[in-house]
Structure formats: structure tokens, C-alpha cells
>>> print(open('protein-v7.pdb').read())   # PDB, N, CA and C atoms
ATOM      1  N   MET A 879       4.122  -2.081  16.473
ATOM      2  CA  MET A 879       2.925  -1.903  15.688
ATOM      3  C   MET A 879       1.802  -1.473  16.621
ATOM      4  N   ILE A 880       1.046  -0.490  16.183
ATOM      5  CA  ILE A 880      -0.088   0.026  16.945
ATOM      6  C   ILE A 880      -1.359  -0.630  16.416
ATOM      7  N   LYS A 881      -2.130  -1.183  17.309
ATOM      8  CA  LYS A 881      -3.397  -1.785  16.903
ATOM      9  C   LYS A 881      -4.518  -0.795  17.192
ATOM     10  N   LEU A 882      -5.310  -0.492  16.166
ATOM     11  CA  LEU A 882      -6.429   0.422  16.335
ATOM     12  C   LEU A 882      -7.588  -0.297  17.005
ATOM     13  N   THR A 883      -8.373   0.462  17.735
ATOM     14  CA  THR A 883      -9.542  -0.118  18.399
ATOM     15  C   THR A 883     -10.650  -0.349  17.378
ATOM     16  N   GLY A 884     -11.619  -1.147  17.752
ATOM     17  CA  GLY A 884     -12.767  -1.395  16.888
ATOM     18  C   GLY A 884     -13.497  -0.115  16.536
ATOM     19  N   ALA A 885     -13.624   0.781  17.507
ATOM     20  CA  ALA A 885     -14.289   2.061  17.261
ATOM     21  C   ALA A 885     -13.511   2.902  16.248
ATOM     22  N   GLU A 886     -12.173   2.857  16.306
ATOM     23  CA  GLU A 886     -11.357   3.628  15.370
ATOM     24  C   GLU A 886     -11.443   3.059  13.957
ATOM     25  N   LEU A 887     -11.657   1.777  13.836
ATOM     26  CA  LEU A 887     -11.728   1.129  12.525
ATOM     27  C   LEU A 887     -13.132   1.085  11.937
ATOM     28  N   HIS A 888     -14.128   1.233  12.765
ATOM     29  CA  HIS A 888     -15.512   0.994  12.374
ATOM     30  C   HIS A 888     -15.957   1.765  11.128
ATOM     31  N   ASP A 889     -15.687   3.042  11.075
ATOM     32  CA  ASP A 889     -16.209   3.873   9.997
ATOM     33  C   ASP A 889     -15.195   4.199   8.901
ATOM     34  N   VAL A 890     -14.079   3.500   8.842
ATOM     35  CA  VAL A 890     -13.072   3.770   7.814
ATOM     36  C   VAL A 890     -13.575   3.263   6.468
ATOM     37  N   ARG A 891     -13.597   4.165   5.470
ATOM     38  CA  ARG A 891     -14.017   3.759   4.123
ATOM     39  C   ARG A 891     -12.837   3.693   3.160
ATOM     40  N   ALA A 892     -11.732   4.373   3.504
ATOM     41  CA  ALA A 892     -10.541   4.350   2.655
ATOM     42  C   ALA A 892      -9.329   4.700   3.507
ATOM     43  N   PHE A 893      -8.159   4.237   3.067
ATOM     44  CA  PHE A 893      -6.932   4.599   3.771
ATOM     45  C   PHE A 893      -5.773   4.645   2.791
ATOM     46  N   LYS A 894      -4.755   5.390   3.166
ATOM     47  CA  LYS A 894      -3.545   5.505   2.363
ATOM     48  C   LYS A 894      -2.348   5.370   3.287
ATOM     49  N   VAL A 895      -1.531   4.359   3.063
ATOM     50  CA  VAL A 895      -0.300   4.147   3.820
ATOM     51  C   VAL A 895       0.832   4.792   3.025
ATOM     52  N   PHE A 896       1.730   5.496   3.720
ATOM     53  CA  PHE A 896       2.821   6.149   3.005
ATOM     54  C   PHE A 896       4.131   6.039   3.769
ATOM     55  N   GLY A 897       5.200   6.104   3.023
ATOM     56  CA  GLY A 897       6.548   6.235   3.559
ATOM     57  C   GLY A 897       7.207   7.341   2.758
ATOM     58  N   ALA A 898       7.549   8.427   3.407
ATOM     59  CA  ALA A 898       8.121   9.585   2.724
ATOM     60  C   ALA A 898       9.459   9.930   3.364
ATOM     61  N   ASP A 899      10.166  10.867   2.757
ATOM     62  CA  ASP A 899      11.461  11.294   3.290
ATOM     63  C   ASP A 899      11.346  11.797   4.721
ATOM     64  N   CYS A 900      10.193  12.353   5.058
ATOM     65  CA  CYS A 900      10.052  13.009   6.362
ATOM     66  C   CYS A 900       9.080  12.305   7.300
ATOM     67  N   GLY A 901       8.650  11.110   6.979
ATOM     68  CA  GLY A 901       7.768  10.405   7.899
ATOM     69  C   GLY A 901       7.092   9.213   7.254
ATOM     70  N   LYS A 902       6.450   8.413   8.083
ATOM     71  CA  LYS A 902       5.710   7.233   7.630
ATOM     72  C   LYS A 902       4.392   7.226   8.374
ATOM     73  N   GLY A 903       3.339   6.842   7.708
ATOM     74  CA  GLY A 903       2.064   6.820   8.409
ATOM     75  C   GLY A 903       0.912   6.388   7.542
ATOM     76  N   THR A 904      -0.269   6.713   8.017
ATOM     77  CA  THR A 904      -1.507   6.353   7.344
ATOM     78  C   THR A 904      -2.499   7.499   7.460
ATOM     79  N   PHE A 905      -3.200   7.749   6.378
ATOM     80  CA  PHE A 905      -4.363   8.626   6.405
ATOM     81  C   PHE A 905      -5.589   7.743   6.269
ATOM     82  N   MET A 906      -6.616   8.041   7.044
ATOM     83  CA  MET A 906      -7.872   7.297   6.975
ATOM     84  C   MET A 906      -9.003   8.272   6.677
ATOM     85  N   ILE A 907      -9.889   7.891   5.770
ATOM     86  CA  ILE A 907     -11.080   8.679   5.464
ATOM     87  C   ILE A 907     -12.274   7.881   5.963
ATOM     88  N   THR A 908     -13.133   8.530   6.743
ATOM     89  CA  THR A 908     -14.277   7.830   7.333
ATOM     90  C   THR A 908     -15.538   8.017   6.498
ATOM     91  N   THR A 909     -16.539   7.226   6.817
ATOM     92  CA  THR A 909     -17.840   7.357   6.164
ATOM     93  C   THR A 909     -18.519   8.667   6.545
ATOM     94  N   GLU A 910     -18.043   9.319   7.593
ATOM     95  CA  GLU A 910     -18.573  10.620   8.027
ATOM     96  C   GLU A 910     -17.790  11.778   7.391
ATOM     97  N   ASP A 911     -16.958  11.472   6.376
ATOM     98  CA  ASP A 911     -16.185  12.472   5.644
ATOM     99  C   ASP A 911     -15.158  13.190   6.520
ATOM    100  N   GLU A 912     -14.554  12.450   7.421
ATOM    101  CA  GLU A 912     -13.475  12.997   8.227
ATOM    102  C   GLU A 912     -12.181  12.292   7.844
ATOM    103  N   VAL A 913     -11.084  13.025   7.901
ATOM    104  CA  VAL A 913      -9.767  12.477   7.581
ATOM    105  C   VAL A 913      -8.942  12.460   8.865
ATOM    106  N   PHE A 914      -8.275  11.330   9.106
ATOM    107  CA  PHE A 914      -7.431  11.166  10.286
ATOM    108  C   PHE A 914      -6.032  10.765   9.844
ATOM    109  N   GLY A 915      -5.021  11.216  10.583
ATOM    110  CA  GLY A 915      -3.640  10.845  10.325
ATOM    111  C   GLY A 915      -3.048  10.163  11.543
ATOM    112  N   ILE A 916      -2.150   9.225  11.287
ATOM    113  CA  ILE A 916      -1.453   8.518  12.362
ATOM    114  C   ILE A 916      -0.077   8.124  11.833
ATOM    115  N   GLY A 917       0.949   8.172  12.684
ATOM    116  CA  GLY A 917       2.268   7.708  12.267
ATOM    117  C   GLY A 917       3.391   8.623  12.691
ATOM    118  N   ARG A 918       4.497   8.532  11.952
ATOM    119  CA  ARG A 918       5.688   9.345  12.220
ATOM    120  C   ARG A 918       5.572  10.627  11.410
ATOM    121  N   ASN A 919       5.495  11.720  12.091
ATOM    122  CA  ASN A 919       5.444  13.028  11.464
ATOM    123  C   ASN A 919       6.879  13.522  11.357
ATOM    124  N   SER A 920       7.092  14.781  11.368
ATOM    125  CA  SER A 920       8.440  15.329  11.372
ATOM    126  C   SER A 920       8.421  16.637  12.134
ATOM    127  N   GLN A 921       9.471  16.896  12.878
ATOM    128  CA  GLN A 921       9.536  18.165  13.596
ATOM    129  C   GLN A 921       9.846  19.317  12.651
ATOM    130  N   LYS A 922      10.291  19.021  11.442
ATOM    131  CA  LYS A 922      10.595  20.073  10.471
ATOM    132  C   LYS A 922       9.516  20.207   9.406
ATOM    133  N   ILE A 923       8.862  19.103   9.065
ATOM    134  CA  ILE A 923       7.828  19.121   8.031
ATOM    135  C   ILE A 923       6.605  18.393   8.572
ATOM    136  N   ASN A 924       5.497  19.060   8.566
ATOM    137  CA  ASN A 924       4.256  18.508   9.096
ATOM    138  C   ASN A 924       3.574  17.635   8.035
ATOM    139  N   ILE A 925       4.142  16.471   7.751
ATOM    140  CA  ILE A 925       3.650  15.640   6.654
ATOM    141  C   ILE A 925       2.274  15.039   6.943
ATOM    142  N   LEU A 926       1.880  14.955   8.206
ATOM    143  CA  LEU A 926       0.535  14.475   8.527
ATOM    144  C   LEU A 926      -0.517  15.580   8.409
ATOM    145  N   GLY A 927      -0.088  16.812   8.203
ATOM    146  CA  GLY A 927      -1.030  17.910   8.008
ATOM    147  C   GLY A 927      -1.848  18.264   9.239
ATOM    148  N   LEU A 928      -1.282  18.031  10.409
ATOM    149  CA  LEU A 928      -2.025  18.234  11.650
ATOM    150  C   LEU A 928      -1.896  19.669  12.152
ATOM    151  N   THR A 929      -2.817  20.052  13.033
ATOM    152  CA  THR A 929      -2.818  21.390  13.619
ATOM    153  C   THR A 929      -2.812  21.281  15.139
ATOM    154  N   GLY A 930      -2.772  22.420  15.790
ATOM    155  CA  GLY A 930      -2.830  22.443  17.250
ATOM    156  C   GLY A 930      -1.617  21.791  17.885
ATOM    157  N   ARG A 931      -1.848  21.070  18.972
ATOM    158  CA  ARG A 931      -0.725  20.491  19.715
ATOM    159  C   ARG A 931       0.004  19.391  18.951
ATOM    160  N   TYR A 932      -0.592  18.870  17.873
ATOM    161  CA  TYR A 932       0.045  17.822  17.078
ATOM    162  C   TYR A 932       0.853  18.376  15.898
ATOM    163  N   TYR A 933       0.804  19.693  15.690
ATOM    164  CA  TYR A 933       1.574  20.300  14.607
ATOM    165  C   TYR A 933       3.058  20.025  14.847
ATOM    166  N   ARG A 934       3.693  19.400  13.891
ATOM    167  CA  ARG A 934       5.115  19.031  13.961
ATOM    168  C   ARG A 934       5.444  18.093  15.116
ATOM    169  N   CYS A 935       4.476  17.372  15.586
ATOM    170  CA  CYS A 935       4.707  16.351  16.611
ATOM    171  C   CYS A 935       5.429  15.184  15.945
ATOM    172  N   ASP A 936       6.469  14.663  16.560
ATOM    173  CA  ASP A 936       7.291  13.634  15.932
ATOM    174  C   ASP A 936       6.553  12.316  15.716
ATOM    175  N   ALA A 937       5.804  11.863  16.700
ATOM    176  CA  ALA A 937       5.081  10.592  16.568
ATOM    177  C   ALA A 937       3.644  10.774  17.045
ATOM    178  N   VAL A 938       2.722  10.312  16.225
ATOM    179  CA  VAL A 938       1.300  10.372  16.554
ATOM    180  C   VAL A 938       0.817   8.926  16.615
ATOM    181  N   ASN A 939       0.539   8.439  17.820
ATOM    182  CA  ASN A 939       0.251   7.021  18.025
ATOM    183  C   ASN A 939      -1.218   6.641  17.980
ATOM    184  N   ARG A 940      -2.098   7.608  17.915
ATOM    185  CA  ARG A 940      -3.534   7.362  17.786
ATOM    186  C   ARG A 940      -4.032   8.248  16.651
ATOM    187  N   PRO A 941      -5.089   7.869  15.973
ATOM    188  CA  PRO A 941      -5.607   8.711  14.887
ATOM    189  C   PRO A 941      -5.986  10.108  15.384
ATOM    190  N   VAL A 942      -5.520  11.121  14.657
ATOM    191  CA  VAL A 942      -5.830  12.518  14.962
ATOM    192  C   VAL A 942      -6.520  13.124  13.737
ATOM    193  N   ARG A 943      -7.605  13.827  13.970
ATOM    194  CA  ARG A 943      -8.386  14.431  12.886
ATOM    195  C   ARG A 943      -7.548  15.492  12.172
ATOM    196  N   VAL A 944      -7.560  15.425  10.841
ATOM    197  CA  VAL A 944      -6.900  16.431  10.011
ATOM    198  C   VAL A 944      -7.981  17.446   9.647
ATOM    199  N   ASP A 945      -8.053  18.513  10.413
ATOM    200  CA  ASP A 945      -9.141  19.481  10.280
ATOM    201  C   ASP A 945      -9.257  20.074   8.882
ATOM    202  N   LYS A 946      -8.132  20.374   8.251
ATOM    203  CA  LYS A 946      -8.172  21.060   6.958
ATOM    204  C   LYS A 946      -8.556  20.152   5.793
ATOM    205  N   LEU A 947      -8.659  18.845   6.021
ATOM    206  CA  LEU A 947      -9.117  17.922   4.977
ATOM    207  C   LEU A 947     -10.480  17.319   5.300
ATOM    208  N   SER A 948     -10.885  17.384   6.550
ATOM    209  CA  SER A 948     -12.169  16.804   6.952
ATOM    210  C   SER A 948     -13.328  17.639   6.416
ATOM    211  N   LYS A 949     -14.407  16.942   6.064
ATOM    212  CA  LYS A 949     -15.627  17.558   5.514
ATOM    213  C   LYS A 949     -15.378  18.238   4.168
ATOM    214  N   LYS A 950     -14.392  17.748   3.411
ATOM    215  CA  LYS A 950     -14.055  18.305   2.097
ATOM    216  C   LYS A 950     -14.314  17.307   0.965
ATOM    217  N   SER A 951     -14.931  16.181   1.256
ATOM    218  CA  SER A 951     -15.207  15.141   0.250
ATOM    219  C   SER A 951     -13.931  14.672  -0.447
ATOM    220  N   ILE A 952     -12.906  14.377   0.356
ATOM    221  CA  ILE A 952     -11.621  13.916  -0.181
ATOM    222  C   ILE A 952     -11.795  12.515  -0.759
ATOM    223  N   ARG A 953     -11.299  12.335  -1.970
ATOM    224  CA  ARG A 953     -11.397  11.007  -2.592
ATOM    225  C   ARG A 953     -10.052  10.322  -2.743
ATOM    226  N   GLU A 954      -8.965  11.110  -2.707
ATOM    227  CA  GLU A 954      -7.647  10.514  -2.890
ATOM    228  C   GLU A 954      -6.590  11.322  -2.140
ATOM    229  N   ILE A 955      -5.629  10.619  -1.546
ATOM    230  CA  ILE A 955      -4.510  11.250  -0.841
ATOM    231  C   ILE A 955      -3.219  10.585  -1.306
ATOM    232  N   ARG A 956      -2.206  11.410  -1.572
ATOM    233  CA  ARG A 956      -0.885  10.907  -1.952
ATOM    234  C   ARG A 956       0.175  11.652  -1.144
ATOM    235  N   VAL A 957       1.237  10.948  -0.791
ATOM    236  CA  VAL A 957       2.353  11.548  -0.066
ATOM    237  C   VAL A 957       3.646  11.025  -0.679
ATOM    238  N   GLY A 958       4.596  11.923  -0.908
ATOM    239  CA  GLY A 958       5.893  11.526  -1.433
ATOM    240  C   GLY A 958       6.929  12.579  -1.120
ATOM    241  N   GLY A 959       8.135  12.155  -0.843
ATOM    242  CA  GLY A 959       9.191  13.108  -0.529
ATOM    243  C   GLY A 959       8.851  13.927   0.696
ATOM    244  N   THR A 960       8.630  15.210   0.500
ATOM    245  CA  THR A 960       8.284  16.117   1.597
ATOM    246  C   THR A 960       6.966  16.840   1.340
ATOM    247  N   LEU A 961       6.104  16.244   0.524
ATOM    248  CA  LEU A 961       4.858  16.894   0.140
ATOM    249  C   LEU A 961       3.696  15.909   0.174
ATOM    250  N   GLY A 962       2.558  16.376   0.650
ATOM    251  CA  GLY A 962       1.332  15.594   0.620
ATOM    252  C   GLY A 962       0.294  16.331  -0.205
ATOM    253  N   ALA A 963      -0.606  15.593  -0.845
ATOM    254  CA  ALA A 963      -1.659  16.210  -1.650
ATOM    255  C   ALA A 963      -2.930  15.382  -1.532
ATOM    256  N   ALA A 964      -4.055  16.075  -1.596
ATOM    257  CA  ALA A 964      -5.356  15.411  -1.556
ATOM    258  C   ALA A 964      -6.234  16.023  -2.637
ATOM    259  N   LEU A 965      -7.093  15.197  -3.206
ATOM    260  CA  LEU A 965      -8.006  15.619  -4.262
ATOM    261  C   LEU A 965      -9.420  15.359  -3.798
ATOM    262  N   ASP A 966     -10.294  16.379  -3.939
ATOM    263  CA  ASP A 966     -11.684  16.154  -3.542
ATOM    264  C   ASP A 966     -12.509  15.703  -4.748
ATOM    265  N   VAL A 967     -13.773  15.413  -4.533
ATOM    266  CA  VAL A 967     -14.622  14.870  -5.596
ATOM    267  C   VAL A 967     -14.870  15.870  -6.717
ATOM    268  N   ASP A 968     -14.669  17.158  -6.459
ATOM    269  CA  ASP A 968     -14.852  18.190  -7.484
ATOM    270  C   ASP A 968     -13.562  18.540  -8.210
ATOM    271  N   GLY A 969     -12.464  17.874  -7.867
ATOM    272  CA  GLY A 969     -11.187  18.122  -8.518
ATOM    273  C   GLY A 969     -10.341  19.194  -7.861
ATOM    274  N   LYS A 970     -10.752  19.699  -6.704
ATOM    275  CA  LYS A 970      -9.960  20.701  -5.984
ATOM    276  C   LYS A 970      -8.779  20.007  -5.318
ATOM    277  N   LEU A 971      -7.597  20.601  -5.463
ATOM    278  CA  LEU A 971      -6.366  20.031  -4.927
ATOM    279  C   LEU A 971      -5.962  20.756  -3.650
ATOM    280  N   TYR A 972      -5.633  19.993  -2.623
ATOM    281  CA  TYR A 972      -5.115  20.515  -1.360
ATOM    282  C   TYR A 972      -3.701  19.961  -1.208
ATOM    283  N   TRP A 973      -2.767  20.772  -0.734
ATOM    284  CA  TRP A 973      -1.412  20.257  -0.537
ATOM    285  C   TRP A 973      -0.817  20.839   0.731
ATOM    286  N   TRP A 974       0.172  20.128   1.263
ATOM    287  CA  TRP A 974       0.838  20.517   2.506
ATOM    288  C   TRP A 974       2.231  19.920   2.515
ATOM    289  N   GLY A 975       3.041  20.348   3.460
ATOM    290  CA  GLY A 975       4.409  19.851   3.564
ATOM    291  C   GLY A 975       5.396  20.953   3.260
ATOM    292  N   GLN A 976       6.484  20.612   2.622
ATOM    293  CA  GLN A 976       7.549  21.570   2.342
ATOM    294  C   GLN A 976       7.466  22.001   0.890
ATOM    295  N   ASP A 977       7.398  23.315   0.664
ATOM    296  CA  ASP A 977       7.330  23.812  -0.706
ATOM    297  C   ASP A 977       8.738  23.983  -1.291
ATOM    298  N   LEU A 978       8.814  24.504  -2.501
ATOM    299  CA  LEU A 978      10.106  24.634  -3.181
ATOM    300  C   LEU A 978      11.050  25.611  -2.490
ATOM    301  N   ALA A 979      10.505  26.511  -1.680
ATOM    302  CA  ALA A 979      11.341  27.460  -0.943
ATOM    303  C   ALA A 979      11.751  26.895   0.417
ATOM    304  N   ASN A 980      11.501  25.587   0.612
ATOM    305  CA  ASN A 980      11.815  24.896   1.866
ATOM    306  C   ASN A 980      11.083  25.481   3.065
ATOM    307  N   LYS A 981       9.849  25.919   2.834
ATOM    308  CA  LYS A 981       9.010  26.432   3.918
ATOM    309  C   LYS A 981       7.884  25.451   4.173
ATOM    310  N   ASP A 982       7.506  25.325   5.425
ATOM    311  CA  ASP A 982       6.443  24.410   5.835
ATOM    312  C   ASP A 982       5.117  25.143   5.786
TER     313      ASP A 982
END
>>> encode(input="protein-v7.pdb", output="C-alpha cells")
Amino acid sequence: MIKLTGAELHDVRAFKVFGADCGKGTFMITTEDEVFGIGRNSQKINILGLTGRYYRCDAVNRPVRVDKLSKKSIREIRVGGTLGAALDVDGKLYWWGQDLANKD
């Protein structure tokens, strides 16, 4: 079990814990409207939605900012199977993971 530091926990306003076919982890939304992911990703499916050096990284042991969801006023995140989805306050849907054509 990874214990987050006080600084990492300080501004968390919401979180979503998930266990999916391709990974297990947590998304955290901060009071500064940033989204962070931590946990088991997948080398085949980027279920944490990360970019850069963490894209398809197998294990992410510290919170990493999810750039494509941060500053989007995300109110809800769901993950299941090989797909993740987020809904913002205006009803706009964001999704990531593996689509029906088995592409990431």
C-alpha cells in the first residue's frame, strides 16, 4: 500500500477508486481543478489516461497529473473494463482507453 503525503492529500476534493480489466487505481480531483491518477496502468491500455513518460507505464506509484482532464471542471469519473469516462459540469463527456476497434 502506498501512503500519500500530506501535501498530496491536502487539496483533494473528490476521488474515484477503480478496478478494471486492465488496471487498478485512483483518480483524484483537487480544489484547484486538477485531476491526478495513481495505480496499476497497462502497457496495452492507458487506463489512467496519462501522457508523456507515463503513457502506458505499468505502475504509477505517485499521483501524476492527467493533463487532458485537468482544468475541465470534471465532476465525475468512471472506469470499467477497458474504458474510462469523465463528465464535466456542463455535461461534456471525455473518454479514454480501448475502443471497439481495440485501439488505444
>>> resolve_selection(input="protein-v7.pdb", expression="the PyMOL selection byres ((chain A and resi 953) around 6)", output="list in words")
Ser951, Ile952, Glu954, Ile955, Leu965, Asp966 and Val967 of chain A
>>> closest_residue(input="protein-v7.pdb", among="A:Arg891, A:Gly903, A:Cys935, A:Gln976", to="Gly959 (chain A)", atoms="only C-alpha atoms")
A:Gln976
>>> residues_around(input="protein-v7.pdb", residues="Cys900 (chain A)", least_positions_apart="5", cutoff="6 Å", atoms="only N, CA and C atoms", output="compact mmCIF listing (two decimals) with N, CA and C atoms, in the coordinates of the input")
# COMPACT_ATOMS: atom_id res chain seq x y z
N ARG A 918 4.50 8.53 11.95
CA ARG A 918 5.69 9.35 12.22
C ARG A 918 5.57 10.63 11.41
N ASN A 919 5.50 11.72 12.09
CA ASN A 919 5.44 13.03 11.46
C ASN A 919 6.88 13.52 11.36
N SER A 920 7.09 14.78 11.37
CA SER A 920 8.44 15.33 11.37
C SER A 920 8.42 16.64 12.13
N GLY A 959 8.14 12.16 -0.84
CA GLY A 959 9.19 13.11 -0.53
C GLY A 959 8.85 13.93 0.70
N THR A 960 8.63 15.21 0.50
CA THR A 960 8.28 16.12 1.60
C THR A 960 6.97 16.84 1.34
>>> select_by_dssp(input="protein-v7.pdb", residues="chain A", states="helix (DSSP H, G or I)", output="ChimeraX atom specification")
/A:884-888,930-932
>>> resolve_selection(input="protein-v7.pdb", expression="the PyMOL selection byres (((chain A and resi 950 and name CA) around 12) and name CA)", output="ChimeraX atom specification")
/A:907-908,910-913,944-949,951-954,964-972
>>> closest_residue(input="protein-v7.pdb", among="A:Val942, A:Asp936, A:Ile923, A:Phe905", to="Trp974 (chain A)", atoms="all atoms listed in the file")
A:Ile923
>>> atom_distance(input="protein-v7.pdb", atom1="CA of Asp889 (chain A)", atom2="CA of Arg931 (chain A)")
24.7 Å
>>> closest_residue(input="protein-v7.pdb", among="A:Leu882, A:Val938, A:Ile925, A:Leu887", to="Leu961 (chain A)", atoms="only C-alpha atoms")
A:Ile925
>>> select_by_dssp(input="protein-v7.pdb", residues="chain A", states="strand (DSSP E or B)", output="PyMOL selection string")
chain A and resi 890-898+901-908+913-918+937-943+952-958+961-966+971-975
>>> atom_distance(input="protein-v7.pdb", atom1="atom N of Gly897 (chain A)", atom2="atom N of Gln921 (chain A)")
15.2 Å
>>> atom_distance(input="protein-v7.pdb", atom1="atom N of Pro941 (chain A)", atom2="CA of Thr929 (chain A)")
13.9 Å
>>> closest_residue(input="protein-v7.pdb", among="A:Ala892, A:Tyr932, A:Glu886, A:Gly927", to="Trp973 (chain A)", atoms="only N, CA and C atoms")
A:Gly927
>>> axis_aligned_box(input="protein-v7.pdb", around="region 958-971 of chain A", padding_each_side="4 Å", output="AutoDock Vina command-line options")
--center_x -2.8 --center_y 16.1 --center_z -3.5 --size_x 32.1 --size_y 17.2 --size_z 18.1
>>> closest_residue(input="protein-v7.pdb", among="A:Gly915, A:Lys902, A:Arg940, A:Thr883", to="Leu928 (chain A)", atoms="only N, CA and C atoms")
A:Gly915
